[in-house]
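Here the structure comes first, spelled out in structure tokens, and everything after it is commentary.
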Amino acid sequence: MKRDEFARRRRQLLREMGRDAIAILPAAPVRLRNGDVEYAYRQDSDFHFLTGFPEPEAVAVLIPHRAEGEYVLFCRERDVTRELWDGDRAGPDGAVSRYGADDAFPIGDIDEILPGLLESRARVCHTMGLHPEFDQRVIGWVNGLRAQAKHGLHTPQEFVALDHLLHDMRLYKSRPELHTMRRSAAIAAEAHRRAMRLAAPGIMEYELAAELLHEFHRHHAEVAYEPIVGGGANACVLHYRANAAPLGDGDLVLIDAGCEYDYYASDITRTFPVNGRYSPAQRALYEVVLAAQLAAIRACVAGNHWNDPHDAAVRVITQGLVSLGFLKGKLAKLIKDGAYREWFMHRTGHWLGLDVHDVGDYKVGDAWRVLEPGMVLTVEPGIYVAPGSRRAPKEFRGIGIRIEDDVAVTRGAAEVLTAELLKDPDDIERFMASAAA
């Protein structure tokens, strides 16, 4: 992402904050995995969205109409010894020259400098609760100023939830963001194709997971979340994580996996036959889920409400469950009673962006949010028939199917960012046959 994009975002937030406000955002802390081994560092999404600065131990401050510069960054100083062990640091000079800060100071000087920046502001925009230790520092700076109010100091009188402003901005993706998300989707799609090529009876679930990771890393992408590779009845566990069972001849395998490329996530699910051929029962259930997904995607148009794609999927799935002998009764009443929920128990999608379950309200007041161009969501209906599901016809028990794509709302028909990954059952069978040849 180019520096201009981060600058554009900061300008937008500065306008929305108002003249007398100040925004304070800390970088994500380094976290230990175990002992003295750290998790791979991943910057806080809000901090990255506004700065593009990739280092820990940093604080970004936005100050509308500050004459000396509206964007101040506190960061680590250059340190030859530490950089020998841990790699390059930007330092305050690099924060200005490489990352577009108007002013930059050593993080060790923040207690001396930041109270002076707060002094002339009426509102502090900050996200409380995300980093509790840093919250206490912010409160301490403000209380320190208030203690001096009797000496005539002007002090902040109000805290404003920064995430309320910032997360609404993040909901609408710009052209550069959509370009990056298309790339993330393309990498994830190729990873799924790689897994389809390798799938065969007797292969372990974790072997397919390894193929996904190989393809992600080959393109300098990371996992957006831990992949789900569920063969047979394991596909009926929505958040299956073990990935440790062998894949059986005649089983389906459900793969839910997406990557993170330049901080932007993709999220794809495909369900395909381990041996390359759907059984009649598997195909019948698969075609219901596919029809539901296509109906939901058609509903992802500007002017519709957030819940319209889900309603479309529910209608198709409920009708399919009636046709296949799972349910009996009138369609409208079955939908009203939620009779489908035994086999389709989750929502049809979520926002997607810098986070897999990205920020943004689903309702405005009591009403579902209206879909608008620039919003990106997943569409992922499924049917999960647990082995012990006594109300289900026997031939369907132990089958779990989900189909998921990433969809951008436009001024016309929805753009399916993951459309290049096949999902028609005939196309999947042909692809797997050619891969096995």
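In the structure tokens, the first chain shown is A, the next is B, and so on; residue numbers restart at 1 for each chain, and ligands run from 1 in the order shown.
The protein and nucleic acid residues lying at most 9 Å from Val407 (chain A) are Ile297, Cys300, Leu352, Met375, Val376, Leu377, Thr378, Val379, Asp405, Val409, Ala414, Glu415, Val416, Leu417 and Thr418 of chain A, with only C-alpha atoms considered and sequence neighbours fewer than 2 positions away removed.
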Suppose we keep C-alpha atoms; can you now write the selection as a PDB file, in the first residue's frame?
ATOM      1  CA  ILE A 297     -24.514 -13.606  -3.877  1.00  0.00           C
ATOM      2  CA  CYS A 300     -25.294  -8.706  -2.384  1.00  0.00           C
ATOM      3  CA  LEU A 352     -13.933  -8.950   5.436  1.00  0.00           C
ATOM      4  CA  MET A 375     -18.205  -3.076   1.349  1.00  0.00           C
ATOM      5  CA  VAL A 376     -16.708  -6.580   1.224  1.00  0.00           C
ATOM      6  CA  LEU A 377     -18.321  -9.607   2.829  1.00  0.00           C
ATOM      7  CA  THR A 378     -18.160 -13.373   2.764  1.00  0.00           C
ATOM      8  CA  VAL A 379     -21.037 -15.531   1.541  1.00  0.00           C
ATOM      9  CA  ASP A 405     -16.593 -16.804  -1.456  1.00  0.00           C
ATOM     10  CA  VAL A 409     -20.524  -4.726  -3.298  1.00  0.00           C
ATOM     11  CA  ALA A 414     -21.625  -8.091  -6.932  1.00  0.00           C
ATOM     12  CA  GLU A 415     -17.964  -8.785  -7.710  1.00  0.00           C
ATOM     13  CA  VAL A 416     -16.920 -12.224  -6.487  1.00  0.00           C
ATOM     14  CA  LEU A 417     -13.253 -11.744  -5.633  1.00  0.00           C
ATOM     15  CA  THR A 418     -12.715 -15.505  -5.397  1.00  0.00           C
TER      16      THR A 418
END
Using DSSP secondary structure from the backbone, list all alpha helix (DSSP H) positions within region 90-207 of chain A, as a PDB file with N, CA and C atoms, in the first residue's frame.
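Done, and the output landed in part-v5.pdb:
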ATOM      1  N   GLY A  91      13.427   4.303  13.332  1.00  0.00           N
ATOM      2  CA  GLY A  91      13.839   5.446  14.134  1.00  0.00           C
ATOM      3  C   GLY A  91      12.989   6.669  13.807  1.00  0.00           C
ATOM      4  N   PRO A  92      13.066   7.711  14.606  1.00  0.00           N
ATOM      5  CA  PRO A  92      12.268   8.919  14.337  1.00  0.00           C
ATOM      6  C   PRO A  92      12.516   9.520  12.956  1.00  0.00           C
ATOM      7  N   ASP A  93      13.760   9.512  12.486  1.00  0.00           N
ATOM      8  CA  ASP A  93      14.032  10.074  11.157  1.00  0.00           C
ATOM      9  C   ASP A  93      13.345   9.251  10.075  1.00  0.00           C
ATOM     10  N   GLY A  94      13.413   7.934  10.197  1.00  0.00           N
ATOM     11  CA  GLY A  94      12.746   7.073   9.226  1.00  0.00           C
ATOM     12  C   GLY A  94      11.234   7.166   9.299  1.00  0.00           C
ATOM     13  N   ALA A  95      10.704   7.413  10.496  1.00  0.00           N
ATOM     14  CA  ALA A  95       9.255   7.578  10.626  1.00  0.00           C
ATOM     15  C   ALA A  95       8.765   8.748   9.787  1.00  0.00           C
ATOM     16  N   VAL A  96       9.597   9.776   9.677  1.00  0.00           N
ATOM     17  CA  VAL A  96       9.245  10.946   8.860  1.00  0.00           C
ATOM     18  C   VAL A  96       9.517  10.673   7.392  1.00  0.00           C
ATOM     19  N   SER A  97      10.717  10.214   7.065  1.00  0.00           N
ATOM     20  CA  SER A  97      11.113  10.080   5.657  1.00  0.00           C
ATOM     21  C   SER A  97      10.463   8.893   4.970  1.00  0.00           C
ATOM     22  N   ILE A 110       7.787   9.971  25.433  1.00  0.00           N
ATOM     23  CA  ILE A 110       6.349  10.209  25.291  1.00  0.00           C
ATOM     24  C   ILE A 110       5.735  10.830  26.545  1.00  0.00           C
ATOM     25  N   ASP A 111       6.198  10.428  27.732  1.00  0.00           N
ATOM     26  CA  ASP A 111       5.614  10.981  28.962  1.00  0.00           C
ATOM     27  C   ASP A 111       5.893  12.474  29.109  1.00  0.00           C
ATOM     28  N   GLU A 112       6.955  12.951  28.499  1.00  0.00           N
ATOM     29  CA  GLU A 112       7.287  14.378  28.568  1.00  0.00           C
ATOM     30  C   GLU A 112       6.548  15.176  27.493  1.00  0.00           C
ATOM     31  N   ILE A 113       6.347  14.575  26.323  1.00  0.00           N
ATOM     32  CA  ILE A 113       5.831  15.333  25.176  1.00  0.00           C
ATOM     33  C   ILE A 113       4.317  15.237  25.032  1.00  0.00           C
ATOM     34  N   LEU A 114       3.754  14.055  25.238  1.00  0.00           N
ATOM     35  CA  LEU A 114       2.329  13.879  24.935  1.00  0.00           C
ATOM     36  C   LEU A 114       1.410  14.739  25.794  1.00  0.00           C
ATOM     37  N   PRO A 115       1.669  14.908  27.105  1.00  0.00           N
ATOM     38  CA  PRO A 115       0.776  15.791  27.870  1.00  0.00           C
ATOM     39  C   PRO A 115       0.684  17.195  27.272  1.00  0.00           C
ATOM     40  N   GLY A 116       1.772  17.698  26.705  1.00  0.00           N
ATOM     41  CA  GLY A 116       1.727  19.009  26.072  1.00  0.00           C
ATOM     42  C   GLY A 116       0.860  19.029  24.834  1.00  0.00           C
ATOM     43  N   LEU A 117       0.794  17.891  24.125  1.00  0.00           N
ATOM     44  CA  LEU A 117      -0.076  17.800  22.949  1.00  0.00           C
ATOM     45  C   LEU A 117      -1.541  17.699  23.363  1.00  0.00           C
ATOM     46  N   LEU A 118      -1.792  17.083  24.519  1.00  0.00           N
ATOM     47  CA  LEU A 118      -3.163  16.948  25.030  1.00  0.00           C
ATOM     48  C   LEU A 118      -3.708  18.264  25.590  1.00  0.00           C
ATOM     49  N   PRO A 132      -5.261  -2.646  27.752  1.00  0.00           N
ATOM     50  CA  PRO A 132      -5.543  -2.095  29.089  1.00  0.00           C
ATOM     51  C   PRO A 132      -4.372  -1.355  29.724  1.00  0.00           C
ATOM     52  N   GLU A 133      -3.161  -1.856  29.553  1.00  0.00           N
ATOM     53  CA  GLU A 133      -2.016  -1.180  30.170  1.00  0.00           C
ATOM     54  C   GLU A 133      -1.823   0.208  29.570  1.00  0.00           C
ATOM     55  N   PHE A 134      -2.004   0.319  28.265  1.00  0.00           N
ATOM     56  CA  PHE A 134      -1.851   1.629  27.636  1.00  0.00           C
ATOM     57  C   PHE A 134      -3.009   2.553  28.025  1.00  0.00           C
ATOM     58  N   ASP A 135      -4.203   1.985  28.222  1.00  0.00           N
ATOM     59  CA  ASP A 135      -5.344   2.797  28.683  1.00  0.00           C
ATOM     60  C   ASP A 135      -4.983   3.542  29.958  1.00  0.00           C
ATOM     61  N   GLN A 136      -4.297   2.852  30.876  1.00  0.00           N
ATOM     62  CA  GLN A 136      -3.939   3.477  32.149  1.00  0.00           C
ATOM     63  C   GLN A 136      -2.963   4.636  31.945  1.00  0.00           C
ATOM     64  N   ARG A 137      -2.112   4.518  30.952  1.00  0.00           N
ATOM     65  CA  ARG A 137      -1.187   5.618  30.669  1.00  0.00           C
ATOM     66  C   ARG A 137      -1.948   6.832  30.143  1.00  0.00           C
ATOM     67  N   VAL A 138      -2.907   6.594  29.236  1.00  0.00           N
ATOM     68  CA  VAL A 138      -3.696   7.700  28.696  1.00  0.00           C
ATOM     69  C   VAL A 138      -4.459   8.401  29.815  1.00  0.00           C
ATOM     70  N   ILE A 139      -5.100   7.611  30.662  1.00  0.00           N
ATOM     71  CA  ILE A 139      -5.843   8.183  31.785  1.00  0.00           C
ATOM     72  C   ILE A 139      -4.905   8.959  32.705  1.00  0.00           C
ATOM     73  N   GLY A 140      -3.711   8.412  32.902  1.00  0.00           N
ATOM     74  CA  GLY A 140      -2.741   9.103  33.747  1.00  0.00           C
ATOM     75  C   GLY A 140      -2.323  10.443  33.170  1.00  0.00           C
ATOM     76  N   TRP A 141      -2.100  10.516  31.854  1.00  0.00           N
ATOM     77  CA  TRP A 141      -1.735  11.794  31.232  1.00  0.00           C
ATOM     78  C   TRP A 141      -2.853  12.821  31.408  1.00  0.00           C
ATOM     79  N   VAL A 142      -4.089  12.370  31.174  1.00  0.00           N
ATOM     80  CA  VAL A 142      -5.224  13.293  31.274  1.00  0.00           C
ATOM     81  C   VAL A 142      -5.429  13.738  32.721  1.00  0.00           C
ATOM     82  N   ASN A 143      -5.362  12.790  33.662  1.00  0.00           N
ATOM     83  CA  ASN A 143      -5.546  13.155  35.072  1.00  0.00           C
ATOM     84  C   ASN A 143      -4.437  14.075  35.565  1.00  0.00           C
ATOM     85  N   GLY A 144      -3.235  13.877  35.045  1.00  0.00           N
ATOM     86  CA  GLY A 144      -2.142  14.767  35.415  1.00  0.00           C
ATOM     87  C   GLY A 144      -2.412  16.198  34.994  1.00  0.00           C
ATOM     88  N   LEU A 145      -3.000  16.360  33.815  1.00  0.00           N
ATOM     89  CA  LEU A 145      -3.361  17.708  33.353  1.00  0.00           C
ATOM     90  C   LEU A 145      -4.508  18.276  34.181  1.00  0.00           C
ATOM     91  N   ARG A 146      -5.481  17.439  34.481  1.00  0.00           N
ATOM     92  CA  ARG A 146      -6.634  17.922  35.250  1.00  0.00           C
ATOM     93  C   ARG A 146      -6.208  18.383  36.640  1.00  0.00           C
ATOM     94  N   LEU A 162     -12.677   6.015  19.618  1.00  0.00           N
ATOM     95  CA  LEU A 162     -12.038   6.155  18.312  1.00  0.00           C
ATOM     96  C   LEU A 162     -12.521   5.085  17.337  1.00  0.00           C
ATOM     97  N   ASP A 163     -12.774   3.884  17.850  1.00  0.00           N
ATOM     98  CA  ASP A 163     -13.206   2.810  16.954  1.00  0.00           C
ATOM     99  C   ASP A 163     -14.537   3.124  16.286  1.00  0.00           C
ATOM    100  N   HIS A 164     -15.387   3.930  16.914  1.00  0.00           N
ATOM    101  CA  HIS A 164     -16.662   4.295  16.302  1.00  0.00           C
ATOM    102  C   HIS A 164     -16.431   5.066  15.002  1.00  0.00           C
ATOM    103  N   LEU A 165     -15.445   5.942  14.997  1.00  0.00           N
ATOM    104  CA  LEU A 165     -15.114   6.698  13.788  1.00  0.00           C
ATOM    105  C   LEU A 165     -14.306   5.850  12.805  1.00  0.00           C
ATOM    106  N   LEU A 166     -13.309   5.179  13.316  1.00  0.00           N
ATOM    107  CA  LEU A 166     -12.343   4.501  12.471  1.00  0.00           C
ATOM    108  C   LEU A 166     -12.920   3.259  11.804  1.00  0.00           C
ATOM    109  N   HIS A 167     -13.741   2.519  12.520  1.00  0.00           N
ATOM    110  CA  HIS A 167     -14.248   1.269  11.975  1.00  0.00           C
ATOM    111  C   HIS A 167     -15.269   1.499  10.880  1.00  0.00           C
ATOM    112  N   ASP A 168     -15.977   2.595  10.935  1.00  0.00           N
ATOM    113  CA  ASP A 168     -16.875   2.905   9.825  1.00  0.00           C
ATOM    114  C   ASP A 168     -16.073   3.254   8.577  1.00  0.00           C
ATOM    115  N   MET A 169     -14.936   3.913   8.747  1.00  0.00           N
ATOM    116  CA  MET A 169     -14.051   4.184   7.615  1.00  0.00           C
ATOM    117  C   MET A 169     -13.538   2.879   7.011  1.00  0.00           C
ATOM    118  N   ARG A 170     -13.135   1.951   7.851  1.00  0.00           N
ATOM    119  CA  ARG A 170     -12.570   0.693   7.370  1.00  0.00           C
ATOM    120  C   ARG A 170     -13.581  -0.162   6.629  1.00  0.00           C
ATOM    121  N   LEU A 171     -14.853   0.051   6.874  1.00  0.00           N
ATOM    122  CA  LEU A 171     -15.893  -0.748   6.227  1.00  0.00           C
ATOM    123  C   LEU A 171     -15.944  -0.517   4.720  1.00  0.00           C
ATOM    124  N   ARG A 175     -10.034   1.763  -3.794  1.00  0.00           N
ATOM    125  CA  ARG A 175      -9.513   1.001  -4.931  1.00  0.00           C
ATOM    126  C   ARG A 175      -8.224   0.268  -4.596  1.00  0.00           C
ATOM    127  N   PRO A 176      -7.251   0.923  -3.932  1.00  0.00           N
ATOM    128  CA  PRO A 176      -6.046   0.169  -3.565  1.00  0.00           C
ATOM    129  C   PRO A 176      -6.337  -1.011  -2.636  1.00  0.00           C
ATOM    130  N   GLU A 177      -7.273  -0.849  -1.722  1.00  0.00           N
ATOM    131  CA  GLU A 177      -7.620  -1.955  -0.837  1.00  0.00           C
ATOM    132  C   GLU A 177      -8.241  -3.105  -1.616  1.00  0.00           C
ATOM    133  N   LEU A 178      -9.162  -2.795  -2.516  1.00  0.00           N
ATOM    134  CA  LEU A 178      -9.795  -3.848  -3.319  1.00  0.00           C
ATOM    135  C   LEU A 178      -8.769  -4.551  -4.195  1.00  0.00           C
ATOM    136  N   HIS A 179      -7.816  -3.798  -4.725  1.00  0.00           N
ATOM    137  CA  HIS A 179      -6.751  -4.406  -5.525  1.00  0.00           C
ATOM    138  C   HIS A 179      -5.968  -5.409  -4.690  1.00  0.00           C
ATOM    139  N   THR A 180      -5.640  -5.046  -3.461  1.00  0.00           N
ATOM    140  CA  THR A 180      -4.895  -5.938  -2.574  1.00  0.00           C
ATOM    141  C   THR A 180      -5.736  -7.149  -2.192  1.00  0.00           C
ATOM    142  N   MET A 181      -7.030  -6.946  -1.961  1.00  0.00           N
ATOM    143  CA  MET A 181      -7.894  -8.063  -1.596  1.00  0.00           C
ATOM    144  C   MET A 181      -8.071  -9.039  -2.759  1.00  0.00           C
ATOM    145  N   ARG A 182      -8.074  -8.540  -3.989  1.00  0.00           N
ATOM    146  CA  ARG A 182      -8.114  -9.445  -5.147  1.00  0.00           C
ATOM    147  C   ARG A 182      -6.862 -10.317  -5.190  1.00  0.00           C
ATOM    148  N   ARG A 183      -5.713  -9.721  -4.871  1.00  0.00           N
ATOM    149  CA  ARG A 183      -4.476 -10.498  -4.854  1.00  0.00           C
ATOM    150  C   ARG A 183      -4.512 -11.542  -3.745  1.00  0.00           C
ATOM    151  N   SER A 184      -4.981 -11.166  -2.571  1.00  0.00           N
ATOM    152  CA  SER A 184      -5.119 -12.115  -1.472  1.00  0.00           C
ATOM    153  C   SER A 184      -6.035 -13.265  -1.874  1.00  0.00           C
ATOM    154  N   ALA A 185      -7.137 -12.944  -2.542  1.00  0.00           N
ATOM    155  CA  ALA A 185      -8.088 -13.964  -2.990  1.00  0.00           C
ATOM    156  C   ALA A 185      -7.457 -14.896  -4.015  1.00  0.00           C
ATOM    157  N   ALA A 186      -6.660 -14.345  -4.923  1.00  0.00           N
ATOM    158  CA  ALA A 186      -6.033 -15.163  -5.965  1.00  0.00           C
ATOM    159  C   ALA A 186      -5.039 -16.155  -5.362  1.00  0.00           C
ATOM    160  N   ILE A 187      -4.271 -15.708  -4.372  1.00  0.00           N
ATOM    161  CA  ILE A 187      -3.313 -16.602  -3.719  1.00  0.00           C
ATOM    162  C   ILE A 187      -4.057 -17.724  -2.998  1.00  0.00           C
ATOM    163  N   ALA A 188      -5.116 -17.372  -2.275  1.00  0.00           N
ATOM    164  CA  ALA A 188      -5.882 -18.377  -1.540  1.00  0.00           C
ATOM    165  C   ALA A 188      -6.548 -19.364  -2.490  1.00  0.00           C
ATOM    166  N   ALA A 189      -7.046 -18.878  -3.618  1.00  0.00           N
ATOM    167  CA  ALA A 189      -7.684 -19.761  -4.596  1.00  0.00           C
ATOM    168  C   ALA A 189      -6.688 -20.781  -5.135  1.00  0.00           C
ATOM    169  N   GLU A 190      -5.472 -20.336  -5.435  1.00  0.00           N
ATOM    170  CA  GLU A 190      -4.448 -21.267  -5.930  1.00  0.00           C
ATOM    171  C   GLU A 190      -4.075 -22.284  -4.854  1.00  0.00           C
ATOM    172  N   ALA A 191      -4.081 -21.877  -3.593  1.00  0.00           N
ATOM    173  CA  ALA A 191      -3.798 -22.812  -2.508  1.00  0.00           C
ATOM    174  C   ALA A 191      -4.863 -23.900  -2.436  1.00  0.00           C
ATOM    175  N   HIS A 192      -6.126 -23.521  -2.605  1.00  0.00           N
ATOM    176  CA  HIS A 192      -7.197 -24.526  -2.606  1.00  0.00           C
ATOM    177  C   HIS A 192      -7.057 -25.474  -3.792  1.00  0.00           C
ATOM    178  N   ARG A 193      -6.709 -24.947  -4.962  1.00  0.00           N
ATOM    179  CA  ARG A 193      -6.503 -25.829  -6.122  1.00  0.00           C
ATOM    180  C   ARG A 193      -5.363 -26.812  -5.858  1.00  0.00           C
ATOM    181  N   ARG A 194      -4.315 -26.329  -5.204  1.00  0.00           N
ATOM    182  CA  ARG A 194      -3.183 -27.189  -4.862  1.00  0.00           C
ATOM    183  C   ARG A 194      -3.640 -28.349  -3.978  1.00  0.00           C
ATOM    184  N   ALA A 195      -4.508 -28.049  -2.998  1.00  0.00           N
ATOM    185  CA  ALA A 195      -5.020 -29.103  -2.122  1.00  0.00           C
ATOM    186  C   ALA A 195      -5.895 -30.081  -2.896  1.00  0.00           C
ATOM    187  N   MET A 196      -6.704 -29.580  -3.812  1.00  0.00           N
ATOM    188  CA  MET A 196      -7.542 -30.471  -4.625  1.00  0.00           C
ATOM    189  C   MET A 196      -6.691 -31.427  -5.452  1.00  0.00           C
ATOM    190  N   ARG A 197      -5.571 -30.941  -5.979  1.00  0.00           N
ATOM    191  CA  ARG A 197      -4.700 -31.799  -6.798  1.00  0.00           C
ATOM    192  C   ARG A 197      -4.115 -32.944  -5.980  1.00  0.00           C
ATOM    193  N   LEU A 198      -3.800 -32.692  -4.721  1.00  0.00           N
ATOM    194  CA  LEU A 198      -3.134 -33.694  -3.897  1.00  0.00           C
ATOM    195  C   LEU A 198      -4.111 -34.666  -3.254  1.00  0.00           C
ATOM    196  N   GLU A 205      -5.290 -35.157   6.831  1.00  0.00           N
ATOM    197  CA  GLU A 205      -5.794 -33.788   6.754  1.00  0.00           C
ATOM    198  C   GLU A 205      -4.665 -32.773   6.841  1.00  0.00           C
ATOM    199  N   TYR A 206      -3.687 -33.034   7.718  1.00  0.00           N
ATOM    200  CA  TYR A 206      -2.608 -32.060   7.890  1.00  0.00           C
ATOM    201  C   TYR A 206      -1.710 -31.967   6.655  1.00  0.00           C
ATOM    202  N   GLU A 207      -1.703 -33.003   5.814  1.00  0.00           N
ATOM    203  CA  GLU A 207      -0.934 -32.907   4.580  1.00  0.00           C
ATOM    204  C   GLU A 207      -1.554 -31.890   3.627  1.00  0.00           C
TER     205      GLU A 207
END
For the strand (DSSP E) assignment from backbone DSSP, which residues of region 133-249 of chain A qualify? Please present them as a PyMOL selection string. chain A and resi 158-161+222-223+228-231
Selection: 12 Å around region 86-88 of chain A, only C-alpha atoms, excl. self and same-chain fewer than 4 positions, as a PyMOL selection string: chain A and resi 38+41+54-56+76-82+94
Please write the residues from the selection above to a file, keeping N, CA and C atoms, as a short mmCIF file (atom, residue, chain, number, x, y, z; two decimals), in the first residue's frame.
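Resulting contents of again-v4.cif:
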data_model
loop_
_atom_site.label_atom_id
_atom_site.label_comp_id
_atom_site.auth_asym_id
_atom_site.auth_seq_id
_atom_site.Cartn_x
_atom_site.Cartn_y
_atom_site.Cartn_z
N GLU A 38 8.77 -15.54 20.83
CA GLU A 38 7.70 -14.61 20.50
C GLU A 38 6.85 -15.13 19.34
N TYR A 41 5.36 -11.14 14.76
CA TYR A 41 4.72 -9.86 15.05
C TYR A 41 3.73 -9.49 13.96
N PRO A 54 5.25 -0.63 10.67
CA PRO A 54 5.20 -2.06 11.01
C PRO A 54 5.82 -2.45 12.33
N GLU A 55 6.29 -1.50 13.13
CA GLU A 55 7.07 -1.85 14.32
C GLU A 55 6.24 -1.79 15.60
N PRO A 56 6.64 -2.57 16.63
CA PRO A 56 6.03 -2.43 17.96
C PRO A 56 6.59 -1.23 18.68
N ARG A 76 10.61 3.59 18.45
CA ARG A 76 11.92 3.23 18.99
C ARG A 76 13.03 3.98 18.26
N GLU A 77 14.06 4.29 18.99
CA GLU A 77 15.24 4.89 18.37
C GLU A 77 16.07 3.82 17.66
N ARG A 78 16.90 4.26 16.73
CA ARG A 78 17.86 3.34 16.12
C ARG A 78 18.78 2.79 17.21
N ASP A 79 19.16 1.52 17.07
CA ASP A 79 20.01 0.88 18.05
C ASP A 79 20.81 -0.19 17.32
N VAL A 80 22.08 0.08 17.10
CA VAL A 80 22.92 -0.82 16.29
C VAL A 80 22.95 -2.23 16.88
N THR A 81 23.05 -2.34 18.20
CA THR A 81 23.12 -3.65 18.83
C THR A 81 21.83 -4.43 18.66
N ARG A 82 20.70 -3.78 18.98
CA ARG A 82 19.42 -4.48 18.86
C ARG A 82 19.09 -4.80 17.41
N GLY A 94 13.41 7.93 10.20
CA GLY A 94 12.75 7.07 9.23
C GLY A 94 11.23 7.17 9.30
#
Closest of A:Arg11, A:Arg411, A:Arg218, A:Arg430 to Thr51 (chain A), counting only C-alpha atoms, is A:Arg11
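You can rank A:Glu372, A:Asp251, A:Glu342, A:Glu211 by their closest distance to Gly303 (chain A) using only C-alpha atoms, and at the top of that list sits A:Glu372.
From CA of Pro425 (chain A) back to CA of Ala210 (chain A), the distance works out to 24.3 Å.
The nearest approach to Glu119 (chain A) among the residues A:Glu395, A:Asp361, A:Asp20, A:Asp355, with only C-alpha atoms taken into account, belongs to A:Asp20.
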So that I can check the surroundings of Cys259 (chain A), please list as a ChimeraX atom specification every protein, DNA and RNA residue that reaches within 6 Å of it, counting only C-alpha atoms and ignoring chain neighbours fewer than 2 positions away. /A:188,222-224,265-266
Using the selection just defined, write its residues with C-alpha atoms as a CSV table (one decimal), in the first residue's frame.
chain,number,residue,atom,x,y,z
A,188,ALA,CA,-5.9,-18.4,-1.5
A,222,GLU,CA,0.5,-15.5,5.9
A,223,VAL,CA,-2.5,-17.5,7.2
A,224,ALA,CA,-5.5,-15.2,7.9
A,265,ALA,CA,-7.5,-11.3,4.4
A,266,SER,CA,-9.2,-13.7,2.1
What's the 9 Å shell around Arg298 (chain A), counting only C-alpha atoms, without same-chain residues fewer than 2 positions away, as a PDB file with N, CA and C atoms, in the first residue's frame?
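That gives us selection_38.pdb:
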ATOM      1  N   GLN A 293     -25.939 -20.477  -2.049  1.00  0.00           N
ATOM      2  CA  GLN A 293     -24.865 -19.495  -2.116  1.00  0.00           C
ATOM      3  C   GLN A 293     -25.045 -18.560  -3.309  1.00  0.00           C
ATOM      4  N   LEU A 294     -25.408 -19.107  -4.452  1.00  0.00           N
ATOM      5  CA  LEU A 294     -25.608 -18.269  -5.634  1.00  0.00           C
ATOM      6  C   LEU A 294     -26.755 -17.285  -5.418  1.00  0.00           C
ATOM      7  N   ALA A 295     -27.817 -17.735  -4.741  1.00  0.00           N
ATOM      8  CA  ALA A 295     -28.934 -16.833  -4.443  1.00  0.00           C
ATOM      9  C   ALA A 295     -28.488 -15.727  -3.496  1.00  0.00           C
ATOM     10  N   ALA A 296     -27.666 -16.075  -2.509  1.00  0.00           N
ATOM     11  CA  ALA A 296     -27.171 -15.074  -1.563  1.00  0.00           C
ATOM     12  C   ALA A 296     -26.263 -14.065  -2.258  1.00  0.00           C
ATOM     13  N   CYS A 300     -26.338  -9.612  -2.887  1.00  0.00           N
ATOM     14  CA  CYS A 300     -25.294  -8.706  -2.384  1.00  0.00           C
ATOM     15  C   CYS A 300     -25.169  -7.494  -3.306  1.00  0.00           C
ATOM     16  N   VAL A 301     -26.208  -6.711  -3.370  1.00  0.00           N
ATOM     17  CA  VAL A 301     -26.209  -5.540  -4.247  1.00  0.00           C
ATOM     18  C   VAL A 301     -26.509  -4.291  -3.424  1.00  0.00           C
ATOM     19  N   PRO A 309     -28.905 -11.287   1.901  1.00  0.00           N
ATOM     20  CA  PRO A 309     -28.242 -12.509   1.428  1.00  0.00           C
ATOM     21  C   PRO A 309     -28.526 -13.715   2.327  1.00  0.00           C
ATOM     22  N   ALA A 312     -31.993 -14.999   1.642  1.00  0.00           N
ATOM     23  CA  ALA A 312     -32.033 -15.721   0.366  1.00  0.00           C
ATOM     24  C   ALA A 312     -31.485 -17.133   0.535  1.00  0.00           C
ATOM     25  N   ALA A 413     -23.818  -5.446 -10.299  1.00  0.00           N
ATOM     26  CA  ALA A 413     -23.811  -6.790  -9.726  1.00  0.00           C
ATOM     27  C   ALA A 413     -22.594  -6.958  -8.825  1.00  0.00           C
ATOM     28  N   ALA A 414     -22.725  -7.845  -7.866  1.00  0.00           N
ATOM     29  CA  ALA A 414     -21.625  -8.091  -6.932  1.00  0.00           C
ATOM     30  C   ALA A 414     -20.396  -8.620  -7.668  1.00  0.00           C
TER      31      ALA A 414
END
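The interatomic distance for the pair CA of Ile22 (chain A) and CA of Ala147 (chain A) works out to 19.4 Å.
Separating CA of Tyr99 (chain A) from CA of Tyr261 (chain A) is a distance of 19.5 Å.
Using only C-alpha atoms for every distance, the candidate list A:Pro156, A:Gly230, A:Gly129, A:Pro393 yields A:Pro393 as the residue closest to Leu321 (chain A).
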Would you pick out the contacts of Ala27 (chain A) at 7 Å or less, using only C-alpha atoms, so that residues sharing its chain but fewer than 5 positions from it are not included, and give the list as a ChimeraX atom specification? /A:43-44,47,56-59
